[in-house]
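Asks: This is upload36.cif, which holds mmCIF, C-alpha atoms:
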data_target
loop_
_atom_site.label_atom_id
_atom_site.label_comp_id
_atom_site.auth_asym_id
_atom_site.auth_seq_id
_atom_site.Cartn_x
_atom_site.Cartn_y
_atom_site.Cartn_z
CA MET N 1 -23.01 -10.71 9.87
CA HIS N 2 -26.21 -11.45 7.97
CA SER N 3 -28.39 -11.08 11.08
CA CYS N 4 -26.76 -7.85 12.29
CA VAL N 5 -29.48 -5.27 12.97
CA GLY N 6 -27.10 -2.38 12.36
CA LYS N 7 -25.78 -3.87 9.09
CA ILE N 8 -22.13 -4.76 9.75
CA ARG N 9 -19.87 -1.96 8.59
CA TYR N 10 -16.32 -3.33 8.62
CA LEU N 11 -14.75 -6.73 8.26
CA GLY N 12 -11.07 -7.47 8.71
CA VAL N 13 -8.46 -9.88 10.02
CA LEU N 14 -7.14 -9.68 13.58
CA LEU N 15 -4.09 -11.65 14.65
CA TYR N 16 -4.22 -12.69 18.31
CA ASP N 17 -2.20 -14.73 20.78
CA ALA N 18 -4.29 -17.87 21.33
CA GLU N 19 -2.08 -18.96 24.23
CA ARG N 20 -3.29 -15.93 26.24
CA ILE N 21 -7.03 -16.59 25.86
CA GLU N 22 -7.48 -18.18 29.27
CA GLU N 23 -5.33 -15.51 30.95
CA THR N 24 -7.33 -12.75 29.24
CA ALA N 25 -10.72 -14.25 30.12
CA SER N 26 -9.62 -14.61 33.76
CA LYS N 27 -8.93 -10.90 34.26
CA PRO N 28 -11.14 -8.93 36.68
CA ASP N 29 -13.94 -6.90 35.10
CA SER N 30 -12.02 -3.63 35.32
CA GLU N 31 -9.18 -5.05 33.16
CA LEU N 32 -11.16 -7.02 30.58
CA VAL N 33 -11.34 -4.41 27.81
CA GLU N 34 -7.65 -3.56 27.88
CA ALA N 35 -6.74 -7.25 28.16
CA GLN N 36 -8.80 -8.04 25.09
CA ARG N 37 -7.01 -5.26 23.22
CA GLU N 38 -3.63 -6.58 24.36
CA ILE N 39 -4.31 -10.07 23.06
CA ILE N 40 -4.51 -8.63 19.53
CA LEU N 41 -1.07 -8.61 17.92
CA ASP N 42 0.57 -5.95 15.79
CA PRO N 43 0.55 -7.25 12.17
CA PHE N 44 3.46 -4.92 11.31
CA ASP N 45 5.71 -6.36 14.05
CA THR N 46 8.45 -8.38 12.37
CA GLU N 47 8.44 -10.98 15.16
CA VAL N 48 4.68 -11.44 14.83
CA ILE N 49 5.02 -11.83 11.06
CA TYR N 50 7.83 -14.38 11.48
CA GLN N 51 5.92 -16.45 14.01
CA ALA N 52 2.70 -16.31 11.96
CA MET N 53 4.44 -17.55 8.82
CA ALA N 54 6.29 -20.20 10.82
CA LEU N 55 2.89 -21.50 11.97
CA GLY N 56 1.73 -21.73 8.37
CA LEU N 57 -0.27 -18.53 8.06
CA ASP N 58 -0.47 -17.44 4.44
CA LYS N 59 1.15 -14.15 3.46
CA LYS N 60 -2.22 -12.95 2.15
CA VAL N 61 -3.69 -13.26 5.64
CA ILE N 62 -0.89 -11.15 7.12
CA GLU N 63 -1.32 -8.52 4.41
CA ALA N 64 -5.07 -8.46 5.11
CA ALA N 65 -4.36 -8.01 8.83
CA GLN N 66 -2.14 -5.02 8.02
CA LYS N 67 -4.94 -3.43 5.99
CA SER N 68 -7.68 -4.43 8.44
CA PRO N 69 -10.09 -1.59 9.31
CA VAL N 70 -11.07 -3.53 12.44
CA TYR N 71 -7.46 -3.43 13.70
CA ARG N 72 -7.40 0.34 13.31
CA TYR N 73 -10.66 0.88 15.19
CA VAL N 74 -9.88 -1.59 17.99
CA LYS N 75 -6.15 -1.46 18.53
CA GLN N 76 -4.76 1.65 16.86
CA TRP N 77 -7.45 4.23 17.63
CA LYS N 78 -9.11 2.38 20.55
CA LEU N 79 -12.55 3.50 19.43
CA ALA N 80 -14.26 0.10 19.24
CA LEU N 81 -15.13 -1.90 22.34
CA PRO N 82 -16.13 -5.57 22.86
CA LEU N 83 -19.75 -6.47 23.52
CA HIS N 84 -20.28 -7.73 27.09
CA PRO N 85 -16.63 -8.55 27.89
CA GLU N 86 -17.78 -9.68 31.36
CA TRP N 87 -19.20 -12.79 29.68
CA ARG N 88 -15.59 -13.72 28.91
CA THR N 89 -16.36 -15.32 25.55
CA LEU N 90 -13.78 -13.07 23.82
CA PRO N 91 -15.51 -12.73 20.43
CA MET N 92 -13.63 -10.78 17.78
CA LEU N 93 -16.62 -8.49 17.33
CA PHE N 94 -16.41 -4.85 18.40
CA TYR N 95 -18.64 -1.78 18.50
CA VAL N 96 -18.07 1.98 18.41
CA PRO N 97 -20.44 3.60 20.97
CA PRO N 98 -22.90 5.78 19.03
CA LEU N 99 -23.12 9.54 19.05
CA LEU N 100 -26.55 11.08 18.68
CA PRO N 101 -27.27 12.62 15.26
CA VAL N 102 -26.89 16.36 14.85
CA THR N 103 -30.30 18.02 15.22
CA ALA N 104 -31.50 21.58 14.81
CA THR N 105 -34.64 23.69 15.04
CA LEU N 106 -35.90 26.03 12.35
CA SER N 107 -36.04 29.64 13.56
CA GLN N 108 -38.69 32.16 12.58
CA GLN N 109 -36.16 33.73 10.23
CA GLY N 110 -35.87 30.43 8.38
CA HIS N 111 -32.41 29.53 9.71
CA TYR N 112 -31.43 26.25 11.32
CA GLU N 113 -30.21 26.70 14.88
CA LEU N 114 -28.13 23.98 16.49
CA GLU N 115 -28.37 23.09 20.13
CA LYS N 116 -25.84 25.08 22.15
CA ASP N 117 -22.53 23.25 22.64
CA PHE N 118 -23.88 20.23 20.77
CA PHE N 119 -20.52 19.53 19.18
CA SER N 120 -18.61 19.72 22.44
CA SER N 121 -21.00 18.59 25.18
CA LEU N 122 -20.60 15.00 26.31
CA GLU N 123 -23.98 15.31 28.03
CA SER N 124 -26.03 16.18 24.97
CA ALA N 125 -24.32 14.38 22.11
CA ARG N 126 -24.37 10.80 23.29
CA LEU N 127 -26.52 8.06 24.80
CA PRO N 128 -26.31 7.42 28.58
CA ILE N 129 -22.73 6.58 29.60
CA ARG N 130 -23.86 4.09 32.22
CA TYR N 131 -25.89 2.15 29.68
CA MET N 132 -23.06 2.11 27.12
CA ALA N 133 -20.64 0.94 29.81
CA SER N 134 -22.97 -1.94 30.72
CA LEU N 135 -22.82 -3.07 27.09
CA PHE N 136 -19.22 -2.49 26.08
CA ALA N 137 -16.99 -2.11 29.13
CA ALA N 138 -18.23 -4.40 31.92
CA GLY N 139 -19.55 -1.29 33.68
CA ASP N 140 -16.34 0.75 33.38
CA GLU N 141 -17.69 4.21 32.52
CA ALA N 142 -14.21 5.76 32.21
CA MET N 143 -13.45 3.42 29.31
CA VAL N 144 -16.54 4.60 27.44
CA VAL N 145 -15.92 8.27 28.27
CA ALA N 146 -12.43 7.96 26.73
CA VAL N 147 -13.98 6.75 23.48
CA TYR N 148 -16.59 9.52 23.46
CA LYS N 149 -13.92 12.17 24.05
CA LYS N 150 -12.20 11.00 20.87
CA LEU N 151 -15.44 10.93 18.88
CA LEU N 152 -16.47 14.40 20.03
CA ALA N 153 -12.98 15.81 19.49
CA GLY N 154 -13.01 14.49 15.93
CA ARG N 155 -16.47 15.95 15.33
CA MET N 156 -15.36 19.33 16.70
CA PHE N 157 -12.17 19.38 14.62
CA LYS N 158 -13.96 18.64 11.36
CA ARG N 159 -16.66 21.20 12.22
CA ALA N 160 -14.01 23.84 12.91
CA GLU N 161 -12.24 22.92 9.69
CA THR N 162 -15.25 22.84 7.36
CA VAL N 163 -17.86 25.20 8.86
CA GLY N 164 -15.76 27.44 11.08
CA ASP N 165 -18.34 28.08 13.78
CA ILE N 166 -16.09 26.41 16.36
CA PRO N 167 -12.72 28.06 17.09
CA MET N 168 -9.87 25.91 15.84
CA GLU N 169 -8.03 26.52 19.11
CA LYS N 170 -10.91 24.91 21.00
CA ALA N 171 -10.92 21.96 18.61
CA ILE N 172 -7.15 21.45 18.96
CA GLN N 173 -7.49 21.51 22.75
CA ALA N 174 -10.21 18.85 22.52
CA LEU N 175 -7.86 16.70 20.43
CA GLU N 176 -5.12 17.03 23.01
CA ASP N 177 -7.52 16.10 25.81
CA ALA N 178 -8.60 13.03 23.85
CA HIS N 179 -4.99 12.07 22.93
CA LEU N 180 -5.66 12.41 19.20
CA THR N 181 -3.75 14.15 16.43
CA PRO N 182 -5.22 15.97 13.41
CA ASN N 183 -3.78 13.27 11.14
CA GLU N 184 -5.53 10.56 13.14
CA VAL N 185 -8.82 12.46 12.90
CA GLU N 186 -8.44 12.66 9.13
CA ASP N 187 -7.78 8.91 8.96
CA ILE N 188 -10.79 8.18 11.18
CA TYR N 189 -12.96 10.52 9.12
CA HIS N 190 -11.89 8.88 5.87
CA LEU N 191 -12.49 5.33 7.05
CA THR N 192 -15.79 6.27 8.69
CA ALA N 193 -17.31 8.43 5.95
CA LEU N 194 -15.38 8.11 2.70
CA ALA N 195 -13.89 4.62 2.56
CA SER N 196 -14.42 2.39 -0.45
CA PHE N 197 -15.84 -1.12 -0.24
CA GLU N 198 -12.32 -2.55 -0.52
CA GLU N 199 -11.18 -0.51 2.48
CA MET N 200 -14.19 -1.50 4.61
CA PHE N 201 -14.17 -5.22 3.83
CA VAL N 202 -10.63 -6.58 3.78
CA ILE N 203 -10.76 -10.34 3.34
CA PRO N 204 -7.83 -12.54 2.25
CA PRO N 205 -8.77 -13.77 -1.25
CA MET N 206 -7.54 -17.30 -0.58
CA LEU N 207 -10.06 -17.76 2.24
CA ARG N 208 -12.93 -17.40 -0.24
CA GLU N 209 -11.77 -20.42 -2.22
CA VAL N 210 -11.27 -22.46 0.95
CA ALA N 211 -14.84 -21.74 2.02
CA ILE N 212 -16.20 -22.66 -1.41
CA GLU N 213 -14.36 -25.99 -1.43
CA MET N 214 -16.18 -27.01 1.75
CA GLY N 215 -19.49 -27.18 -0.12
CA VAL N 216 -19.03 -27.34 -3.87
CA ASP N 217 -16.48 -28.10 -6.55
CA PRO N 218 -14.67 -24.77 -7.10
CA HIS N 219 -14.61 -25.41 -10.85
CA GLU N 220 -18.38 -25.76 -10.91
CA PHE N 221 -18.69 -22.65 -8.76
CA GLN N 222 -17.17 -20.51 -11.51
CA GLU N 223 -20.47 -20.45 -13.39
CA GLU N 224 -22.46 -19.57 -10.27
CA ARG N 225 -20.79 -16.30 -9.28
CA GLY N 226 -23.00 -13.27 -8.78
CA ALA N 227 -25.14 -11.46 -6.26
CA GLY N 228 -27.11 -14.61 -5.45
CA PHE N 229 -29.99 -16.41 -7.13
CA VAL N 230 -32.89 -18.64 -6.10
CA GLN N 231 -32.10 -20.75 -9.15
CA LEU N 232 -28.43 -20.89 -10.10
CA PRO N 233 -27.60 -19.50 -13.57
CA SER N 234 -26.06 -21.68 -16.22
CA ARG N 235 -23.31 -20.70 -18.62
CA GLY N 236 -23.33 -21.27 -22.35
CA LEU N 237 -25.64 -20.92 -25.33
#
Show me this structure written as structure tokens.
Replies:
Amino acid sequence: MHSCVGKIRYLGVLLYDAERIEETASKPDSELVEAQREIILDPFDTEVIYQAMALGLDKKVIEAAQKSPVYRYVKQWKLALPLHPEWRTLPMLFYVPPLLPVTATLSQQGHYELEKDFFSSLESARLPIRYMASLFAAGDEAMVVAVYKKLLAGRMFKRAETVGDIPMEKAIQALEDAHLTPNEVEDIYHLTALASFEEMFVIPPMLREVAIEMGVDPHEFQEERGAGFVQLPSRGL
């Protein structure tokens, strides 16, 4: 997290079936991404909740998994993909393939003119599919294209809704092609652009105390809370 070049954006709990790790890692390259998604369990499933609590998982962890932004990106919306799944290390770290930023040129009349079909063209609004597939899908370009269709459909829908220079009928058709609904786009938009810190970083509170106890007395730690100091502050007069 601290060494992440892109500054990690979301942190959340994922529940997964540890007994299926070897089976998942043994899948052929073409099945690795979907297999890694399948190993992640539904935190709202009553059977999953029962088994997790039976194994001693704290209720706070389950609640954090239900609120996890990572679960939504990876499992619910299928927008985030694993880095180099062909290495078969199965890290719980996922990436949303990037869209290029919206660019425009200034006309002689002083108006900004967008590139034609920028909001709908898969060719102009993204980085090379082949390269993205080599990073996030073990070379499976179709898996990456499916993600980009969702991202572009969401961009088109919000553009049609807020600016109006894209026909709403065209945006709705793009959503249908990407297997998205307007409500899902609104949820994705909120979590991507408007979410609060508490929505982006969902960590079970009890895990913080467990981590602290590994290094210091938690009672002593109470006077050291803050953003971080070279020299620890002291409490009192």
Asks: With a distance cut-off of 9 Å and only C-alpha atoms, select the neighbouring residues of stretch 75-85 of chain N, excluding the residue or stretch itself and same-chain residues fewer than 6 positions from it, and output the selection as a PyMOL selection string.
Replies: chain N and resi 25+29+32-33+36-38+40-42+91-97+134-138+143-144+146-148+150-151+180+184+188
Asks: Measuring between only C-alpha atoms, which one of N:Asp177, N:Leu90, N:Asp58, N:Ile49 shows the shortest distance to N:Arg20?
Replies: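 Under the stated criterion, the closest residue is N:Leu90.
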Asks: Of the candidates N:Phe157, N:Phe44, N:Phe201, N:Tyr131, which one gets nearest to N:Ile172 if we count all atoms listed in the file?
Replies: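 Looking at the shortest contact to N:Ile172, the residue is N:Phe157.
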Asks: Residues picked by the PyMOL selection byres ((chain N and resi 15) around 9) here, as a short mmCIF file (atom, residue, chain, number, x, y, z; two decimals) with C-alpha atoms, in the frame of the given file?
Replies:
data_model
loop_
_atom_site.label_atom_id
_atom_site.label_comp_id
_atom_site.auth_asym_id
_atom_site.auth_seq_id
_atom_site.Cartn_x
_atom_site.Cartn_y
_atom_site.Cartn_z
CA VAL N 13 -8.46 -9.88 10.02
CA LEU N 14 -7.14 -9.68 13.58
CA TYR N 16 -4.22 -12.69 18.31
CA ASP N 17 -2.20 -14.73 20.78
CA ILE N 39 -4.31 -10.07 23.06
CA ILE N 40 -4.51 -8.63 19.53
CA LEU N 41 -1.07 -8.61 17.92
CA ASP N 42 0.57 -5.95 15.79
CA PRO N 43 0.55 -7.25 12.17
CA VAL N 48 4.68 -11.44 14.83
CA ALA N 52 2.70 -16.31 11.96
CA ILE N 62 -0.89 -11.15 7.12
CA ALA N 65 -4.36 -8.01 8.83
CA TYR N 71 -7.46 -3.43 13.70
#
Asks: Suppose you want the space between atom CA of N:Tyr73 and atom CA of N:Lys149; what is it in Å?
Replies: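 Taking atom CA of N:Tyr73 as the start and atom CA of N:Lys149 as the end point, the length is 14.7 Å.
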Asks: Which is closest to N:Thr181 among N:Gly164, N:Pro69, N:Gly154, N:Pro205, if we use all atoms listed in the file?
Replies: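 Among the listed residues, the smallest separation from N:Thr181 belongs to N:Gly154.
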Asks: Between atom CA of N:Leu100 and atom CA of N:Leu122, what is the distance in Å, rounded to a tenth?
Replies: 10.4 Å
Asks: Quick one: distance from atom CA of N:Ser26 to atom CA of N:Glu86 in Å, one decimal?
Replies: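 Atom CA of N:Ser26 sits 9.8 Å away from atom CA of N:Glu86.
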Asks: Residues within 8 Å of N:Glu199, please, as a PDB file with C-alpha atoms, in the frame of the given file. Count all atoms listed in the file; anything in the same chain fewer than 2 positions from it doesn't count.
Replies:
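Printed below is out06.pdb as written:
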ATOM      1  CA  LYS N  67      -4.940  -3.430   5.990  1.00  0.00           C
ATOM      2  CA  SER N  68      -7.680  -4.430   8.440  1.00  0.00           C
ATOM      3  CA  PRO N  69     -10.090  -1.590   9.310  1.00  0.00           C
ATOM      4  CA  LEU N 191     -12.490   5.330   7.050  1.00  0.00           C
ATOM      5  CA  ALA N 195     -13.890   4.620   2.560  1.00  0.00           C
ATOM      6  CA  SER N 196     -14.420   2.390  -0.450  1.00  0.00           C
ATOM      7  CA  PHE N 197     -15.840  -1.120  -0.240  1.00  0.00           C
ATOM      8  CA  PHE N 201     -14.170  -5.220   3.830  1.00  0.00           C
ATOM      9  CA  VAL N 202     -10.630  -6.580   3.780  1.00  0.00           C
TER      10      VAL N 202
END
Asks: Output: stretch 154-198 of chain N of the preceding structure, restricted to N, CA and C atoms, written as an mmCIF file, in the first residue's frame.
Replies:
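Ended up saving to out-v9.cif:
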data_model
loop_
_atom_site.group_PDB
_atom_site.id
_atom_site.type_symbol
_atom_site.label_atom_id
_atom_site.label_comp_id
_atom_site.auth_asym_id
_atom_site.auth_seq_id
_atom_site.Cartn_x
_atom_site.Cartn_y
_atom_site.Cartn_z
ATOM 1 N N GLY N 154 -20.602 3.532 -18.946
ATOM 2 C CA GLY N 154 -20.850 4.413 -17.808
ATOM 3 C C GLY N 154 -20.498 5.846 -18.123
ATOM 4 N N ARG N 155 -19.381 6.044 -18.821
ATOM 5 C CA ARG N 155 -18.958 7.399 -19.204
ATOM 6 C C ARG N 155 -19.987 8.021 -20.157
ATOM 7 N N MET N 156 -20.471 7.239 -21.117
ATOM 8 C CA MET N 156 -21.464 7.749 -22.058
ATOM 9 C C MET N 156 -22.767 8.104 -21.361
ATOM 10 N N PHE N 157 -23.209 7.252 -20.442
ATOM 11 C CA PHE N 157 -24.479 7.485 -19.752
ATOM 12 C C PHE N 157 -24.423 8.768 -18.937
ATOM 13 N N LYS N 158 -23.343 8.962 -18.193
ATOM 14 C CA LYS N 158 -23.228 10.173 -17.376
ATOM 15 C C LYS N 158 -23.090 11.414 -18.263
ATOM 16 N N ARG N 159 -22.415 11.269 -19.406
ATOM 17 C CA ARG N 159 -22.288 12.394 -20.336
ATOM 18 C C ARG N 159 -23.652 12.762 -20.907
ATOM 19 N N ALA N 160 -24.421 11.748 -21.292
ATOM 20 C CA ALA N 160 -25.765 11.992 -21.821
ATOM 21 C C ALA N 160 -26.653 12.625 -20.761
ATOM 22 N N GLU N 161 -26.469 12.218 -19.532
ATOM 23 C CA GLU N 161 -27.305 12.695 -18.435
ATOM 24 C C GLU N 161 -26.958 14.122 -18.029
ATOM 25 N N THR N 162 -25.676 14.470 -18.011
ATOM 26 C CA THR N 162 -25.256 15.764 -17.477
ATOM 27 C C THR N 162 -25.014 16.828 -18.538
ATOM 28 N N VAL N 163 -24.464 16.432 -19.706
ATOM 29 C CA VAL N 163 -24.150 17.405 -20.753
ATOM 30 C C VAL N 163 -25.194 17.379 -21.866
ATOM 31 N N GLY N 164 -25.614 16.175 -22.235
ATOM 32 C CA GLY N 164 -26.669 16.061 -23.238
ATOM 33 C C GLY N 164 -26.208 16.050 -24.676
ATOM 34 N N ASP N 165 -24.880 15.981 -24.899
ATOM 35 C CA ASP N 165 -24.417 15.957 -26.284
ATOM 36 C C ASP N 165 -24.319 14.545 -26.843
ATOM 37 N N ILE N 166 -24.704 13.558 -26.047
ATOM 38 C CA ILE N 166 -24.828 12.183 -26.505
ATOM 39 C C ILE N 166 -26.284 11.771 -26.329
ATOM 40 N N PRO N 167 -26.932 11.246 -27.353
ATOM 41 C CA PRO N 167 -28.336 10.836 -27.206
ATOM 42 C C PRO N 167 -28.489 9.780 -26.112
ATOM 43 N N MET N 168 -29.496 9.967 -25.266
ATOM 44 C CA MET N 168 -29.708 9.019 -24.181
ATOM 45 C C MET N 168 -30.001 7.626 -24.723
ATOM 46 N N GLU N 169 -30.648 7.532 -25.888
ATOM 47 C CA GLU N 169 -30.927 6.226 -26.472
ATOM 48 C C GLU N 169 -29.627 5.480 -26.775
ATOM 49 N N LYS N 170 -28.639 6.214 -27.270
ATOM 50 C CA LYS N 170 -27.335 5.608 -27.568
ATOM 51 C C LYS N 170 -26.643 5.155 -26.292
ATOM 52 N N ALA N 171 -26.772 5.947 -25.239
ATOM 53 C CA ALA N 171 -26.152 5.594 -23.963
ATOM 54 C C ALA N 171 -26.814 4.356 -23.356
ATOM 55 N N ILE N 172 -28.141 4.282 -23.442
ATOM 56 C CA ILE N 172 -28.870 3.126 -22.907
ATOM 57 C C ILE N 172 -28.482 1.864 -23.664
ATOM 58 N N GLN N 173 -28.322 1.980 -24.987
ATOM 59 C CA GLN N 173 -27.910 0.827 -25.784
ATOM 60 C C GLN N 173 -26.517 0.366 -25.378
ATOM 61 N N ALA N 174 -25.630 1.314 -25.083
ATOM 62 C CA ALA N 174 -24.282 0.958 -24.638
ATOM 63 C C ALA N 174 -24.335 0.223 -23.303
ATOM 64 N N LEU N 175 -25.237 0.646 -22.420
ATOM 65 C CA LEU N 175 -25.398 -0.041 -21.133
ATOM 66 C C LEU N 175 -25.868 -1.476 -21.343
ATOM 67 N N GLU N 176 -26.814 -1.650 -22.242
ATOM 68 C CA GLU N 176 -27.324 -2.999 -22.508
ATOM 69 C C GLU N 176 -26.228 -3.888 -23.087
ATOM 70 N N ASP N 177 -25.423 -3.331 -23.979
ATOM 71 C CA ASP N 177 -24.330 -4.100 -24.578
ATOM 72 C C ASP N 177 -23.283 -4.490 -23.534
ATOM 73 N N ALA N 178 -23.125 -3.647 -22.521
ATOM 74 C CA ALA N 178 -22.128 -3.904 -21.479
ATOM 75 C C ALA N 178 -22.708 -4.660 -20.286
ATOM 76 N N HIS N 179 -24.019 -4.977 -20.360
ATOM 77 C CA HIS N 179 -24.712 -5.690 -19.261
ATOM 78 C C HIS N 179 -24.667 -4.881 -17.964
ATOM 79 N N LEU N 180 -24.977 -3.592 -18.091
ATOM 80 C CA LEU N 180 -25.060 -2.697 -16.942
ATOM 81 C C LEU N 180 -26.453 -2.077 -16.888
ATOM 82 N N THR N 181 -26.848 -1.646 -15.698
ATOM 83 C CA THR N 181 -28.096 -0.914 -15.535
ATOM 84 C C THR N 181 -27.781 0.518 -15.116
ATOM 85 N N PRO N 182 -28.708 1.450 -15.337
ATOM 86 C CA PRO N 182 -28.482 2.828 -14.883
ATOM 87 C C PRO N 182 -28.187 2.914 -13.387
ATOM 88 N N ASN N 183 -28.845 2.095 -12.583
ATOM 89 C CA ASN N 183 -28.589 2.117 -11.141
ATOM 90 C C ASN N 183 -27.164 1.681 -10.824
ATOM 91 N N GLU N 184 -26.673 0.677 -11.549
ATOM 92 C CA GLU N 184 -25.294 0.235 -11.331
ATOM 93 C C GLU N 184 -24.309 1.329 -11.722
ATOM 94 N N VAL N 185 -24.598 2.034 -12.808
ATOM 95 C CA VAL N 185 -23.720 3.136 -13.227
ATOM 96 C C VAL N 185 -23.674 4.210 -12.153
ATOM 97 N N GLU N 186 -24.818 4.532 -11.571
ATOM 98 C CA GLU N 186 -24.851 5.540 -10.518
ATOM 99 C C GLU N 186 -24.034 5.083 -9.309
ATOM 100 N N ASP N 187 -24.131 3.802 -8.961
ATOM 101 C CA ASP N 187 -23.354 3.278 -7.833
ATOM 102 C C ASP N 187 -21.860 3.328 -8.135
ATOM 103 N N ILE N 188 -21.490 2.952 -9.368
ATOM 104 C CA ILE N 188 -20.081 2.986 -9.771
ATOM 105 C C ILE N 188 -19.574 4.424 -9.759
ATOM 106 N N TYR N 189 -20.378 5.327 -10.293
ATOM 107 C CA TYR N 189 -19.998 6.745 -10.327
ATOM 108 C C TYR N 189 -19.791 7.292 -8.918
ATOM 109 N N HIS N 190 -20.705 6.949 -8.024
ATOM 110 C CA HIS N 190 -20.589 7.447 -6.645
ATOM 111 C C HIS N 190 -19.314 6.937 -5.986
ATOM 112 N N LEU N 191 -19.073 5.629 -6.086
ATOM 113 C CA LEU N 191 -17.917 5.067 -5.401
ATOM 114 C C LEU N 191 -16.611 5.514 -6.053
ATOM 115 N N THR N 192 -16.650 5.787 -7.347
ATOM 116 C CA THR N 192 -15.438 6.203 -8.053
ATOM 117 C C THR N 192 -15.123 7.679 -7.838
ATOM 118 N N ALA N 193 -16.154 8.526 -7.815
ATOM 119 C CA ALA N 193 -15.920 9.969 -7.834
ATOM 120 C C ALA N 193 -16.372 10.718 -6.587
ATOM 121 N N LEU N 194 -17.314 10.180 -5.845
ATOM 122 C CA LEU N 194 -17.926 10.948 -4.763
ATOM 123 C C LEU N 194 -17.800 10.307 -3.391
ATOM 124 N N ALA N 195 -17.242 9.120 -3.316
ATOM 125 C CA ALA N 195 -17.241 8.370 -2.059
ATOM 126 C C ALA N 195 -16.435 9.067 -0.969
ATOM 127 N N SER N 196 -16.877 8.899 0.265
ATOM 128 C CA SER N 196 -16.154 9.436 1.414
ATOM 129 C C SER N 196 -15.006 8.501 1.784
ATOM 130 N N PHE N 197 -14.139 8.947 2.667
ATOM 131 C CA PHE N 197 -13.028 8.130 3.122
ATOM 132 C C PHE N 197 -13.532 6.820 3.724
ATOM 133 N N GLU N 198 -14.621 6.904 4.494
ATOM 134 C CA GLU N 198 -15.157 5.713 5.157
ATOM 135 C C GLU N 198 -15.693 4.695 4.159
#
